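What follows is input_9.csv (CSV, C-alpha atoms).
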```
chain,number,residue,atom,x,y,z
M,1,MET,CA,31.9,13.6,-20.0
M,2,LEU,CA,35.4,12.2,-20.1
M,3,VAL,CA,35.6,12.4,-23.8
M,4,SER,CA,34.6,16.1,-23.6
M,5,LYS,CA,37.4,16.8,-21.2
M,6,ILE,CA,39.9,15.0,-23.3
M,7,LEU,CA,38.8,16.9,-26.4
M,8,TYR,CA,39.0,20.2,-24.5
M,9,ALA,CA,42.5,19.4,-23.2
M,10,VAL,CA,43.5,18.7,-26.8
M,11,PHE,CA,42.0,22.0,-27.8
M,12,LEU,CA,44.1,23.8,-25.1
M,13,VAL,CA,47.2,22.1,-26.2
M,14,ILE,CA,46.6,23.4,-29.7
M,15,LEU,CA,46.1,26.9,-28.4
M,16,VAL,CA,49.4,26.7,-26.4
M,17,LEU,CA,51.3,25.5,-29.5
M,18,PHE,CA,49.6,28.2,-31.6
M,19,TRP,CA,50.8,30.8,-29.0
M,20,ILE,CA,54.4,29.4,-29.0
M,21,LEU,CA,54.6,29.2,-32.8
M,22,TYR,CA,52.9,32.5,-33.5
M,23,ARG,CA,53.7,35.0,-30.8
M,24,GLY,CA,51.3,37.9,-30.8
M,25,THR,CA,48.3,39.5,-29.2
M,26,LEU,CA,45.7,37.3,-31.0
M,27,SER,CA,47.3,34.0,-30.1
M,28,LEU,CA,47.6,35.2,-26.4
M,29,GLN,CA,44.0,36.3,-26.3
M,30,LEU,CA,42.8,32.9,-27.7
M,31,LEU,CA,44.9,31.1,-25.1
M,32,LEU,CA,43.5,33.2,-22.2
M,33,LEU,CA,40.0,32.7,-23.6
M,34,GLY,CA,40.5,29.0,-23.7
M,35,LEU,CA,41.6,29.0,-20.1
M,36,LEU,CA,38.9,31.3,-18.9
M,37,ILE,CA,35.9,29.5,-20.5
M,38,PRO,CA,36.0,26.5,-18.1
M,39,ALA,CA,36.1,28.8,-15.1
M,40,VAL,CA,33.1,30.8,-16.3
M,41,LEU,CA,31.2,27.6,-17.1
M,42,LEU,CA,31.9,26.3,-13.6
M,43,VAL,CA,30.8,29.5,-11.9
M,44,ILE,CA,27.5,29.5,-14.0
M,45,LEU,CA,26.9,25.9,-13.1
M,46,LEU,CA,27.4,26.6,-9.3
M,47,ILE,CA,24.9,29.4,-9.5
M,48,GLN,CA,22.4,27.3,-11.5
M,49,ARG,CA,22.6,24.7,-8.7
M,50,PHE,CA,20.9,27.1,-6.3
M,51,MET,CA,18.5,28.5,-8.9
M,52,LEU,CA,16.7,25.2,-9.6
M,53,GLU,CA,13.3,24.3,-8.0
M,54,THR,CA,11.7,20.9,-8.2
M,55,GLN,CA,8.2,19.7,-7.6
M,56,ILE,CA,6.1,16.6,-8.3
M,57,ARG,CA,2.4,16.8,-8.9
M,58,ARG,CA,-0.3,14.3,-9.6
M,59,ASN,CA,-3.6,14.4,-11.5
M,60,VAL,CA,-5.6,12.4,-8.9
M,61,SER,CA,-5.2,11.4,-5.3
M,62,GLU,CA,-6.7,7.9,-5.6
M,63,VAL,CA,-7.2,5.4,-8.3
M,64,THR,CA,-8.4,1.8,-8.7
M,65,LYS,CA,-5.8,-0.9,-9.6
M,66,GLY,CA,-5.3,-1.1,-13.3
M,67,GLU,CA,-6.4,2.5,-14.0
M,68,PRO,CA,-3.8,4.9,-15.4
M,69,PHE,CA,-2.6,7.9,-13.4
M,70,GLN,CA,-0.1,10.6,-14.1
M,71,TRP,CA,2.7,12.2,-12.2
M,72,VAL,CA,4.2,15.5,-13.4
M,73,ILE,CA,7.8,16.3,-12.6
M,74,GLN,CA,8.2,20.1,-12.7
M,75,LEU,CA,11.6,21.8,-12.8
M,76,ARG,CA,11.9,25.6,-12.7
M,77,ASN,CA,15.1,27.3,-13.8
M,78,ARG,CA,15.2,30.8,-12.3
M,79,PHE,CA,18.6,31.7,-13.9
M,80,PHE,CA,19.0,33.5,-17.2
M,81,VAL,CA,21.3,30.8,-18.6
M,82,PRO,CA,19.7,27.6,-19.8
M,83,VAL,CA,20.8,24.1,-18.8
M,84,ALA,CA,21.7,22.1,-21.9
M,85,ASN,CA,21.4,18.8,-20.2
M,86,ALA,CA,19.7,17.7,-16.9
M,87,VAL,CA,19.6,14.1,-15.8
M,88,LEU,CA,16.8,13.2,-13.4
M,89,LEU,CA,17.1,10.1,-11.2
M,90,LEU,CA,13.6,8.9,-10.2
M,91,GLU,CA,12.5,6.1,-7.9
M,92,TYR,CA,9.0,4.7,-7.7
M,93,VAL,CA,7.8,2.1,-5.2
M,94,ASN,CA,4.6,0.3,-4.2
M,95,GLY,CA,4.2,0.3,-0.5
M,96,ILE,CA,2.9,-3.3,-0.4
M,97,GLU,CA,5.6,-4.8,-2.7
M,98,GLY,CA,8.4,-2.7,-1.2
M,99,ASN,CA,10.8,-3.1,-4.1
M,100,PRO,CA,11.9,0.3,-5.5
M,101,HIS,CA,12.3,0.8,-9.3
M,102,ARG,CA,14.5,3.5,-10.8
M,103,LEU,CA,14.0,5.6,-13.9
M,104,THR,CA,16.4,8.0,-15.5
M,105,LEU,CA,15.2,11.0,-17.7
M,106,ARG,CA,17.3,13.5,-19.7
M,107,ILE,CA,15.8,16.9,-20.5
M,108,PRO,CA,17.0,20.4,-21.3
M,109,LEU,CA,16.0,23.4,-19.0
M,110,LEU,CA,15.3,26.7,-20.7
M,111,ALA,CA,16.4,29.9,-19.2
M,112,MET,CA,13.8,31.6,-16.8
M,113,ASN,CA,11.3,28.9,-17.6
M,114,THR,CA,9.5,25.9,-16.1
M,115,GLN,CA,9.9,22.5,-17.7
M,116,ARG,CA,7.4,19.7,-17.1
M,117,VAL,CA,7.6,15.9,-17.7
M,118,MET,CA,4.5,13.8,-17.5
M,119,LEU,CA,4.8,10.1,-16.5
M,120,THR,CA,1.9,7.8,-17.0
M,121,PHE,CA,1.8,4.7,-14.7
M,122,HIS,CA,-0.4,1.6,-14.3
M,123,ALA,CA,-0.4,-0.1,-10.9
M,124,ALA,CA,-0.5,-3.9,-11.1
M,125,THR,CA,-1.5,-4.2,-7.4
M,126,CYS,CA,-3.1,-1.9,-4.8
M,127,GLY,CA,-1.0,0.0,-2.3
M,128,MET,CA,0.5,3.4,-1.6
M,129,MET,CA,2.5,4.4,-4.7
M,130,GLU,CA,5.3,6.9,-4.2
M,131,LEU,CA,7.4,8.7,-6.7
M,132,ARG,CA,10.7,10.2,-5.5
M,133,LEU,CA,13.0,12.6,-7.3
M,134,LEU,CA,16.4,11.5,-5.9
M,135,SER,CA,18.7,13.8,-7.7
M,136,VAL,CA,19.1,16.2,-10.6
M,137,LYS,CA,22.5,16.2,-12.3
M,138,ILE,CA,23.2,19.3,-14.5
M,139,TYR,CA,26.0,19.8,-17.0
M,140,ASP,CA,27.6,22.8,-18.6
M,141,PRO,CA,27.1,23.2,-22.4
M,142,LEU,CA,30.6,21.7,-23.0
M,143,ARG,CA,30.0,18.9,-20.5
M,144,LEU,CA,33.2,19.7,-18.7
M,145,PHE,CA,31.7,19.9,-15.3
M,146,SER,CA,28.6,18.6,-13.6
M,147,GLN,CA,26.7,19.3,-10.3
M,148,THR,CA,24.5,16.8,-8.6
M,149,ILE,CA,21.5,18.3,-6.7
M,150,ARG,CA,20.1,15.9,-4.1
M,151,THR,CA,16.4,16.4,-3.5
M,152,ASN,CA,13.8,15.1,-1.1
M,153,THR,CA,10.9,15.8,-3.6
M,154,SER,CA,8.3,13.1,-3.5
M,155,ASN,CA,4.6,12.5,-4.0
M,156,ARG,CA,2.2,9.7,-2.9
M,157,LEU,CA,-0.9,8.3,-4.4
M,158,LEU,CA,-3.4,5.6,-3.1
M,159,VAL,CA,-4.2,2.7,-5.3
M,160,MET,CA,-7.4,0.9,-4.2
M,161,PRO,CA,-8.1,-2.8,-5.0
M,162,ASP,CA,-10.8,-3.6,-7.5
M,163,CYS,CA,-13.9,-5.7,-6.6
M,164,ALA,CA,-13.2,-9.3,-7.5
M,165,GLU,CA,-15.7,-11.2,-9.6
M,166,LEU,CA,-16.9,-13.8,-7.1
M,167,ASP,CA,-19.4,-16.6,-7.6
M,168,THR,CA,-21.9,-15.9,-4.8
M,169,GLU,CA,-22.7,-19.6,-4.7
M,170,GLU,CA,-19.3,-20.1,-3.1
M,171,ILE,CA,-20.4,-18.0,-0.1
M,172,VAL,CA,-21.9,-20.6,2.3
M,173,PHE,CA,-24.4,-19.4,4.9
M,174,PRO,CA,-24.2,-21.8,7.8
M,175,GLU,CA,-27.1,-22.2,10.1
M,176,ALA,CA,-27.3,-19.8,13.0
M,177,VAL,CA,-25.7,-21.3,16.1
M,178,ASP,CA,-28.1,-19.5,18.5
M,179,ASP,CA,-31.8,-18.5,18.7
M,180,ASN,CA,-31.1,-14.8,18.2
M,181,ALA,CA,-30.7,-14.9,14.4
M,182,THR,CA,-33.5,-12.9,12.8
M,183,GLU,CA,-32.1,-13.0,9.2
M,184,TYR,CA,-32.7,-15.6,6.6
M,185,SER,CA,-30.8,-16.6,3.4
M,186,LYS,CA,-32.2,-15.1,0.2
M,187,HIS,CA,-30.5,-17.8,-1.9
M,188,LYS,CA,-30.9,-21.1,0.0
M,189,SER,CA,-33.8,-22.9,1.7
M,190,GLY,CA,-33.7,-24.5,5.1
M,191,ASP,CA,-35.8,-26.1,7.7
M,192,ASP,CA,-37.2,-23.2,9.7
M,193,PRO,CA,-41.0,-23.2,9.3
M,194,SER,CA,-41.4,-19.8,10.8
M,195,GLU,CA,-40.8,-18.2,7.4
M,196,ILE,CA,-41.4,-19.4,3.8
M,197,PHE,CA,-38.5,-19.3,1.5
M,198,GLU,CA,-40.5,-20.0,-1.7
M,199,ILE,CA,-43.4,-22.1,-3.0
M,200,HIS,CA,-42.8,-24.3,-6.0
M,201,GLU,CA,-44.3,-27.1,-7.9
M,202,TYR,CA,-44.0,-30.5,-6.5
M,203,ARG,CA,-40.8,-32.3,-7.4
M,204,SER,CA,-39.8,-35.9,-6.7
M,205,GLY,CA,-38.4,-36.2,-3.2
M,206,ASP,CA,-40.3,-33.3,-1.7
M,207,ALA,CA,-41.8,-34.1,1.7
M,208,ILE,CA,-45.6,-34.7,1.6
M,209,SER,CA,-45.9,-32.7,4.9
M,210,ARG,CA,-44.8,-29.5,3.1
M,211,ILE,CA,-47.5,-29.6,0.4
M,212,HIS,CA,-49.5,-26.4,0.5
M,213,TRP,CA,-53.0,-28.0,0.2
M,214,LYS,CA,-55.0,-24.8,0.1
M,215,LEU,CA,-53.0,-23.3,-2.8
M,216,SER,CA,-52.8,-26.7,-4.5
M,217,SER,CA,-56.6,-26.9,-4.5
M,218,LYS,CA,-56.9,-23.5,-6.1
M,219,LEU,CA,-54.3,-24.1,-8.8
M,220,ASP,CA,-55.3,-27.7,-9.3
M,221,GLU,CA,-51.6,-28.6,-9.0
M,222,LEU,CA,-49.5,-29.8,-6.1
M,223,MET,CA,-47.5,-26.9,-4.7
M,224,VAL,CA,-44.8,-27.3,-2.0
M,225,LYS,CA,-43.6,-24.9,0.6
M,226,ALA,CA,-39.8,-24.4,1.1
M,227,TYR,CA,-38.8,-23.2,4.5
M,228,SER,CA,-36.1,-20.6,5.2
M,229,LEU,CA,-32.6,-21.0,6.3
M,230,PRO,CA,-31.7,-18.9,9.4
M,231,ILE,CA,-28.2,-17.4,9.0
M,232,PRO,CA,-26.0,-15.6,11.5
M,233,SER,CA,-26.9,-11.9,11.9
M,234,ASP,CA,-23.5,-11.0,13.3
M,235,THR,CA,-20.9,-12.0,10.7
M,236,ILE,CA,-17.3,-10.9,11.2
M,237,LEU,CA,-14.9,-10.4,8.2
M,238,LEU,CA,-11.3,-11.1,9.2
M,239,PRO,CA,-8.5,-10.0,6.8
M,240,ASP,CA,-5.2,-11.8,7.3
M,241,TYR,CA,-3.2,-8.7,6.3
M,242,ARG,CA,0.3,-10.1,6.0
M,243,MET,CA,2.9,-10.7,3.3
M,244,ALA,CA,3.0,-14.4,2.4
M,245,GLY,CA,6.5,-14.4,0.9
M,246,GLU,CA,8.4,-11.6,-0.8
M,247,GLY,CA,8.3,-9.6,-4.0
M,248,THR,CA,5.8,-9.3,-6.7
M,249,GLU,CA,4.0,-12.6,-6.0
M,250,ALA,CA,3.4,-11.8,-2.3
M,251,ALA,CA,2.1,-8.4,-3.3
M,252,ALA,CA,-0.3,-10.0,-5.8
M,253,ARG,CA,-1.5,-12.5,-3.2
M,254,LEU,CA,-2.3,-9.7,-0.8
M,255,ASP,CA,-4.0,-7.6,-3.5
M,256,THR,CA,-6.2,-10.6,-4.5
M,257,MET,CA,-7.1,-11.2,-0.9
M,258,LEU,CA,-8.2,-7.5,-0.5
M,259,SER,CA,-10.2,-7.7,-3.8
M,260,VAL,CA,-12.1,-10.8,-2.5
M,261,LEU,CA,-12.7,-9.1,0.9
M,262,TYR,CA,-14.1,-6.1,-1.0
M,263,ALA,CA,-16.4,-8.4,-3.1
M,264,VAL,CA,-17.8,-10.2,-0.1
M,265,ALA,CA,-18.4,-7.0,1.9
M,266,ASN,CA,-20.3,-5.6,-1.1
M,267,TYR,CA,-22.3,-8.8,-1.4
M,268,TYR,CA,-23.3,-8.7,2.2
M,269,ARG,CA,-24.3,-5.1,2.0
M,270,THR,CA,-26.4,-5.5,-1.1
M,271,GLU,CA,-28.2,-8.5,0.5
M,272,GLY,CA,-28.9,-6.4,3.6
M,273,LEU,CA,-26.9,-8.7,5.9
M,274,ALA,CA,-25.3,-7.2,9.0
M,275,HIS,CA,-21.5,-7.7,9.0
M,276,SER,CA,-18.4,-6.1,10.6
M,277,ILE,CA,-14.7,-6.2,9.9
M,278,LEU,CA,-12.2,-7.0,12.6
M,279,TRP,CA,-9.4,-4.3,12.4
M,280,TYR,CA,-7.5,-1.9,14.5
M,281,GLN,CA,-9.8,0.7,16.2
M,282,LYS,CA,-8.2,3.9,17.5
M,283,SER,CA,-11.1,4.2,20.0
M,284,LEU,CA,-10.2,0.8,21.5
M,285,GLY,CA,-6.5,1.2,21.2
M,286,GLY,CA,-6.4,-2.2,19.6
M,287,PHE,CA,-8.3,-4.6,17.4
M,288,GLY,CA,-12.1,-4.5,17.4
M,289,ALA,CA,-15.2,-5.0,15.2
M,290,CYS,CA,-16.3,-2.1,13.0
M,291,PRO,CA,-19.8,-2.4,11.4
M,292,LEU,CA,-19.9,-1.9,7.6
M,293,THR,CA,-23.3,-0.5,6.7
M,294,GLU,CA,-22.4,1.9,3.8
M,295,PRO,CA,-20.1,1.5,0.7
M,296,GLU,CA,-18.0,4.3,2.2
M,297,ASP,CA,-17.4,2.2,5.3
M,298,THR,CA,-15.8,-0.6,3.4
M,299,GLU,CA,-13.7,1.7,1.2
M,300,GLN,CA,-12.5,3.7,4.2
M,301,MET,CA,-11.5,0.5,6.0
M,302,LEU,CA,-9.6,-0.7,2.9
M,303,ARG,CA,-7.8,2.7,2.8
M,304,GLN,CA,-6.7,2.2,6.4
M,305,MET,CA,-5.3,-1.2,5.7
M,306,ILE,CA,-3.5,-0.2,2.5
M,307,GLN,CA,-1.9,2.8,4.3
M,308,SER,CA,-0.6,0.6,7.1
M,309,ALA,CA,2.2,-2.0,7.0
M,310,PRO,CA,1.3,-5.7,6.7
M,311,ARG,CA,1.8,-7.6,10.0
M,312,ALA,CA,2.9,-11.1,10.4
M,313,ASP,CA,1.1,-11.5,13.8
M,314,ILE,CA,-2.3,-10.2,12.5
M,315,LEU,CA,-4.2,-13.4,13.4
M,316,GLU,CA,-2.8,-13.5,16.9
M,317,SER,CA,-3.9,-10.0,17.5
M,318,ALA,CA,-7.3,-10.9,16.2
M,319,LEU,CA,-7.6,-13.8,18.6
M,320,ASP,CA,-6.9,-11.5,21.5
M,321,ALA,CA,-9.7,-9.2,20.3
M,322,LEU,CA,-12.1,-12.1,19.9
M,323,GLU,CA,-11.6,-13.1,23.5
M,324,ASP,CA,-11.9,-9.6,24.9
M,325,HIS,CA,-14.2,-7.6,22.7
M,326,VAL,CA,-16.0,-9.5,20.0
M,327,ARG,CA,-18.7,-12.2,20.0
M,328,CYS,CA,-20.0,-13.5,16.7
M,329,SER,CA,-21.7,-16.6,15.3
M,330,GLN,CA,-20.0,-16.6,11.9
M,331,MET,CA,-16.6,-15.5,10.7
M,332,ILE,CA,-15.2,-15.3,7.2
M,333,MET,CA,-11.4,-15.1,7.0
M,334,PHE,CA,-9.4,-13.9,4.0
M,335,THR,CA,-5.8,-15.0,3.8
M,336,PRO,CA,-3.1,-14.6,1.1
M,337,LYS,CA,-1.9,-18.1,1.8
M,338,LEU,CA,-3.3,-21.1,3.7
M,339,ASP,CA,0.0,-22.3,5.3
M,340,ALA,CA,0.5,-24.6,8.3
M,341,HIS,CA,0.8,-21.7,10.7
M,342,THR,CA,-2.6,-20.3,9.6
M,343,VAL,CA,-4.2,-23.7,9.8
M,344,SER,CA,-3.0,-24.1,13.4
M,345,LEU,CA,-5.0,-21.0,14.4
M,346,LEU,CA,-8.2,-22.0,12.7
M,347,PRO,CA,-9.5,-24.1,15.7
M,348,HIS,CA,-9.3,-21.0,17.9
M,349,LEU,CA,-11.0,-18.8,15.3
M,350,ALA,CA,-13.8,-21.4,14.8
M,351,GLU,CA,-14.5,-21.8,18.5
M,352,HIS,CA,-18.2,-21.4,19.1
M,353,ARG,CA,-18.7,-20.0,15.6
M,354,ALA,CA,-19.0,-21.1,11.9
M,355,LEU,CA,-15.8,-20.4,9.9
M,356,THR,CA,-15.3,-19.9,6.2
M,357,VAL,CA,-11.8,-19.3,4.8
M,358,PHE,CA,-11.0,-17.7,1.4
M,359,TYR,CA,-7.4,-18.3,0.5
M,360,VAL,CA,-5.3,-17.3,-2.6
M,361,LEU,CA,-3.7,-19.7,-5.0
M,362,ALA,CA,-0.7,-18.6,-7.1
M,363,ASP,CA,-0.3,-19.6,-10.7
M,364,GLY,CA,0.7,-23.3,-10.9
M,365,GLU,CA,0.2,-23.8,-7.2
M,366,ALA,CA,-1.5,-27.1,-6.3
M,367,ASP,CA,-4.9,-26.9,-4.6
M,368,GLU,CA,-4.1,-29.1,-1.7
M,369,LEU,CA,-5.3,-28.2,1.7
M,370,PRO,CA,-2.7,-28.5,4.5
M,371,GLU,CA,-3.4,-31.1,7.1
M,372,GLY,CA,-6.1,-30.0,9.5
M,373,ALA,CA,-7.9,-27.6,7.1
M,374,GLU,CA,-10.2,-30.2,5.6
M,375,GLU,CA,-12.8,-29.8,8.3
M,376,TYR,CA,-13.4,-26.1,7.5
M,377,ASP,CA,-15.1,-24.5,4.6
M,378,CYS,CA,-12.0,-23.4,2.6
M,379,ILE,CA,-12.6,-21.7,-0.7
M,380,PRO,CA,-9.6,-21.2,-3.1
M,381,VAL,CA,-9.3,-18.0,-5.2
M,382,GLN,CA,-6.9,-17.8,-8.1
M,383,ILE,CA,-4.4,-15.0,-8.0
M,384,GLN,CA,-5.7,-12.0,-10.0
M,385,LYS,CA,-3.8,-9.9,-12.6
M,386,ALA,CA,-4.6,-6.3,-13.2
M,387,LYS,CA,-6.6,-5.4,-16.3
M,388,LEU,CA,-4.7,-2.4,-17.4
M,389,LYS,CA,-6.9,0.4,-18.9
M,390,GLU,CA,-5.7,2.7,-21.7
M,391,ALA,CA,-4.5,6.1,-20.7
M,392,SER,CA,-6.0,9.1,-22.5
M,393,VAL,CA,-4.4,12.3,-21.3
M,394,ALA,CA,-3.2,15.5,-23.0
M,395,LEU,CA,0.2,17.0,-22.3
M,396,GLU,CA,0.3,20.3,-20.6
M,397,GLU,CA,2.0,23.2,-22.4
M,398,GLY,CA,5.7,23.0,-21.9
M,399,ASP,CA,5.7,19.2,-21.4
M,400,GLU,CA,8.5,17.6,-23.4
M,401,MET,CA,8.1,13.9,-22.8
M,402,LEU,CA,5.5,11.2,-22.1
M,403,CYS,CA,6.8,8.0,-20.4
M,404,GLU,CA,4.7,5.0,-19.5
M,405,GLU,CA,5.6,2.5,-16.8
M,406,GLU,CA,4.0,-0.4,-15.0
M,407,ALA,CA,4.5,-0.2,-11.3
```
Once you've parsed the file, please lay out its structure as structure tokens.
Amino acid sequence: MLVSKILYAVFLVILVLFWILYRGTLSLQLLLLGLLIPAVLLVILLIQRFMLETQIRRNVSEVTKGEPFQWVIQLRNRFFVPVANAVLLLEYVNGIEGNPHRLTLRIPLLAMNTQRVMLTFHAATCGMMELRLLSVKIYDPLRLFSQTIRTNTSNRLLVMPDCAELDTEEIVFPEAVDDNATEYSKHKSGDDPSEIFEIHEYRSGDAISRIHWKLSSKLDELMVKAYSLPIPSDTILLPDYRMAGEGTEAAARLDTMLSVLYAVANYYRTEGLAHSILWYQKSLGGFGACPLTEPEDTEQMLRQMIQSAPRADILESALDALEDHVRCSQMIMFTPKLDAHTVSLLPHLAEHRALTVFYVLADGEADELPEGAEEYDCIPVQIQKAKLKEASVALEEGDEMLCEEEA
């Protein structure tokens, strides 16, 4: 822009010299025209400032982490003069990570027309994604003047966590701590003779007292009864929804924790095991247990968590709720990091109930339990990276550009 002004100033000097050397009507008209053009361009630019409309649209309202989604920035020029050059300053941010990223686009705006720019994004972690159009800077054709239009145009989109691939053998079903348990493990045998887990051929080490004599006599082969393992019928899932650190790694930790929570909740549901999640309940005005019976229940609870801000005191609030509202015989906690403070609260969470802890390990982080955590069933989960899927979309009529970013 400075170069344009210098060149135009040189042009005016030439017109002045031409008028001095060649006095006449033509030289005077050229000089007046040279002086008048900037004023006209400035007036047109000021009018264009108020004739520009901005909007951001999206193709979906919710996606799963790793899936592509599109935002369309729409600019409408309602003036009969085109804008040769418009510079768009954009900012996109993931609500969990919290670090905004900026993007600059340059596009022309035709007269009495609508221009659209489609941006394709991939979200590396779950969270509330927001795109903001901070400003639009327009220039006159000669780039002598500019006008910056501040806008508050924005659009939000919910990115859900994916369901982690979890080894179900890692989910330990402790024995029920009371006599009210009416559910039995479908994967492990126990010592409860009231229900048969399976009948199998005799193996070395099987107790003689468990031989099924009647069936053995029919099959002419020793068959052994395996009894069932009672499991708690009132399991509580407790997400430690906080930021363990700052930046990208902390967001990835929290995202991995939510993915594991999603996987465990789905596993319990498919196995027909009763379970609830301990989270803020509007009806209680605080934390309480919400039963998860349908897939929609789990997804809705995850939406509520993602749309709320992470809290550093989440476990303390859960402890108060356990004392006042919730009684359970098993609890599964999910934490982004098993640090000393979290370990100090485990005895209170494990009081009168079995406790399993899923915790996230970052790349290169040593799998060493803090002091005091050895007595609990602590299961490490390696931090997950998003599997980005290929975008396959067509530009709308009038779109000029397709940009791809990873948020």
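Nearest residue to Met118 of chain M, choosing from M:Lys137, M:Asn99, M:Glu130, M:Phe69 and counting all atoms listed in the file: M:Phe69.
Minimum atom-to-atom distances from M:Phe358, M:Phe50, M:Leu30, M:Leu338 to Glu371 of chain M were compared using all atoms listed in the file, and the lowest value belongs to M:Leu338.
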For the contact check between segment 313-350 of chain M and segment 270-280 of chain M, emit one row per residue of segment 313-350 of chain M within 12 Å, containing the shortest atom pair and the distance in Å rounded to one decimal, counting only C-alpha atoms, chain then rising number order, as CSV.
```
residue,atom,partner,partner_atom,distance
M:Ile314,CA,M:Trp279,CA,9.2
M:Leu315,CA,M:Leu278,CA,10.3
M:Ser317,CA,M:Tyr280,CA,9.4
M:Ala318,CA,M:Leu278,CA,7.2
M:Leu319,CA,M:Leu278,CA,10.2
M:Asp320,CA,M:Leu278,CA,11.3
M:Ala321,CA,M:Leu278,CA,8.4
M:Leu322,CA,M:Leu278,CA,8.9
M:His325,CA,M:Leu278,CA,10.3
M:Val326,CA,M:Leu278,CA,8.7
M:Arg327,CA,M:Leu278,CA,11.1
M:Cys328,CA,M:Ser276,CA,9.7
M:Ser329,CA,M:His275,CA,10.9
M:Gln330,CA,M:His275,CA,9.5
M:Met331,CA,M:His275,CA,9.4
M:Ile332,CA,M:Ile277,CA,9.5
M:Met333,CA,M:Leu278,CA,9.9
M:Phe334,CA,M:Ile277,CA,11.1
```
Residues within 6 Å of segment 100-115 of chain M, please, as a VMD selection string. Count all atoms listed in the file; anything in the same chain fewer than 3 positions from it doesn't count. chain M and resid 74 to 93 398
Atom CA of Met257 of chain M and atom CA of Ala350 of chain M are how many Å apart? 19.9 Å
What's the 8 Å shell around Gly127 of chain M, counting all atoms listed in the file, without same-chain residues fewer than 5 positions away, as a list of chain:residue names? M:Asn94, M:Gly95, M:Ile96, M:Leu158, M:Val159, M:Met160, M:Ile306, M:Gln307
I need the residues from that last selection saved to file as a short mmCIF file (atom, residue, chain, number, x, y, z; two decimals), in the coordinates of the input (with C-alpha atoms), if you can.
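As a result, selection.cif now contains:
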```cif
data_model
loop_
_atom_site.label_atom_id
_atom_site.label_comp_id
_atom_site.auth_asym_id
_atom_site.auth_seq_id
_atom_site.Cartn_x
_atom_site.Cartn_y
_atom_site.Cartn_z
CA ASN M 94 4.60 0.30 -4.20
CA GLY M 95 4.20 0.30 -0.50
CA ILE M 96 2.90 -3.30 -0.40
CA LEU M 158 -3.40 5.60 -3.10
CA VAL M 159 -4.20 2.70 -5.30
CA MET M 160 -7.40 0.90 -4.20
CA ILE M 306 -3.50 -0.20 2.50
CA GLN M 307 -1.90 2.80 4.30
#
```
For the point (47.3, 26.1, -25.1) in the file's frame, write as a PyMOL selection string all residues with an atom no more than 10 Å away, counting all atoms listed in the file. chain M and resi 9-20+27-28+30-35
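The gap separating atom CA of Thr54 of chain M from atom CA of Arg150 of chain M is 10.6 Å, in Å to one decimal.
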Show me, as a list in words, the residues that have an atom within 10 Å of Arg269 of chain M when counting all atoms listed in the file, minus same-chain residues fewer than 5 positions from it. Ala263, Val264, Ala274, His275, Leu292, Thr293, Glu294, Pro295 and Thr298 of chain M
For the residues selected in the previous step, produce a file with C-alpha atoms as a PDB file, keeping the file's coordinate frame.
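New file result_28.pdb:
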```pdb
ATOM      1  CA  ALA M 263     -16.400  -8.400  -3.100  1.00  0.00           C
ATOM      2  CA  VAL M 264     -17.800 -10.200  -0.100  1.00  0.00           C
ATOM      3  CA  ALA M 274     -25.300  -7.200   9.000  1.00  0.00           C
ATOM      4  CA  HIS M 275     -21.500  -7.700   9.000  1.00  0.00           C
ATOM      5  CA  LEU M 292     -19.900  -1.900   7.600  1.00  0.00           C
ATOM      6  CA  THR M 293     -23.300  -0.500   6.700  1.00  0.00           C
ATOM      7  CA  GLU M 294     -22.400   1.900   3.800  1.00  0.00           C
ATOM      8  CA  PRO M 295     -20.100   1.500   0.700  1.00  0.00           C
ATOM      9  CA  THR M 298     -15.800  -0.600   3.400  1.00  0.00           C
TER      10      THR M 298
END
```
Set the distance at 9 Å and use only C-alpha atoms: which residues neighbour Val60 of chain M once local chain neighbours fewer than 6 positions away are removed? I'd like the list as a PyMOL selection string. chain M and resi 69-71+157
Test item: residues at most 8 Å from segment 374-383 of chain M, only C-alpha atoms, excluding those fewer than 6 positions along its chain, as a list in words: Glu170, Ala252, Arg253, Thr256, Leu355, Thr356, Val357, Phe358, Tyr359, Val360, Leu361, Ala362, Asp363 and Asp367 of chain M
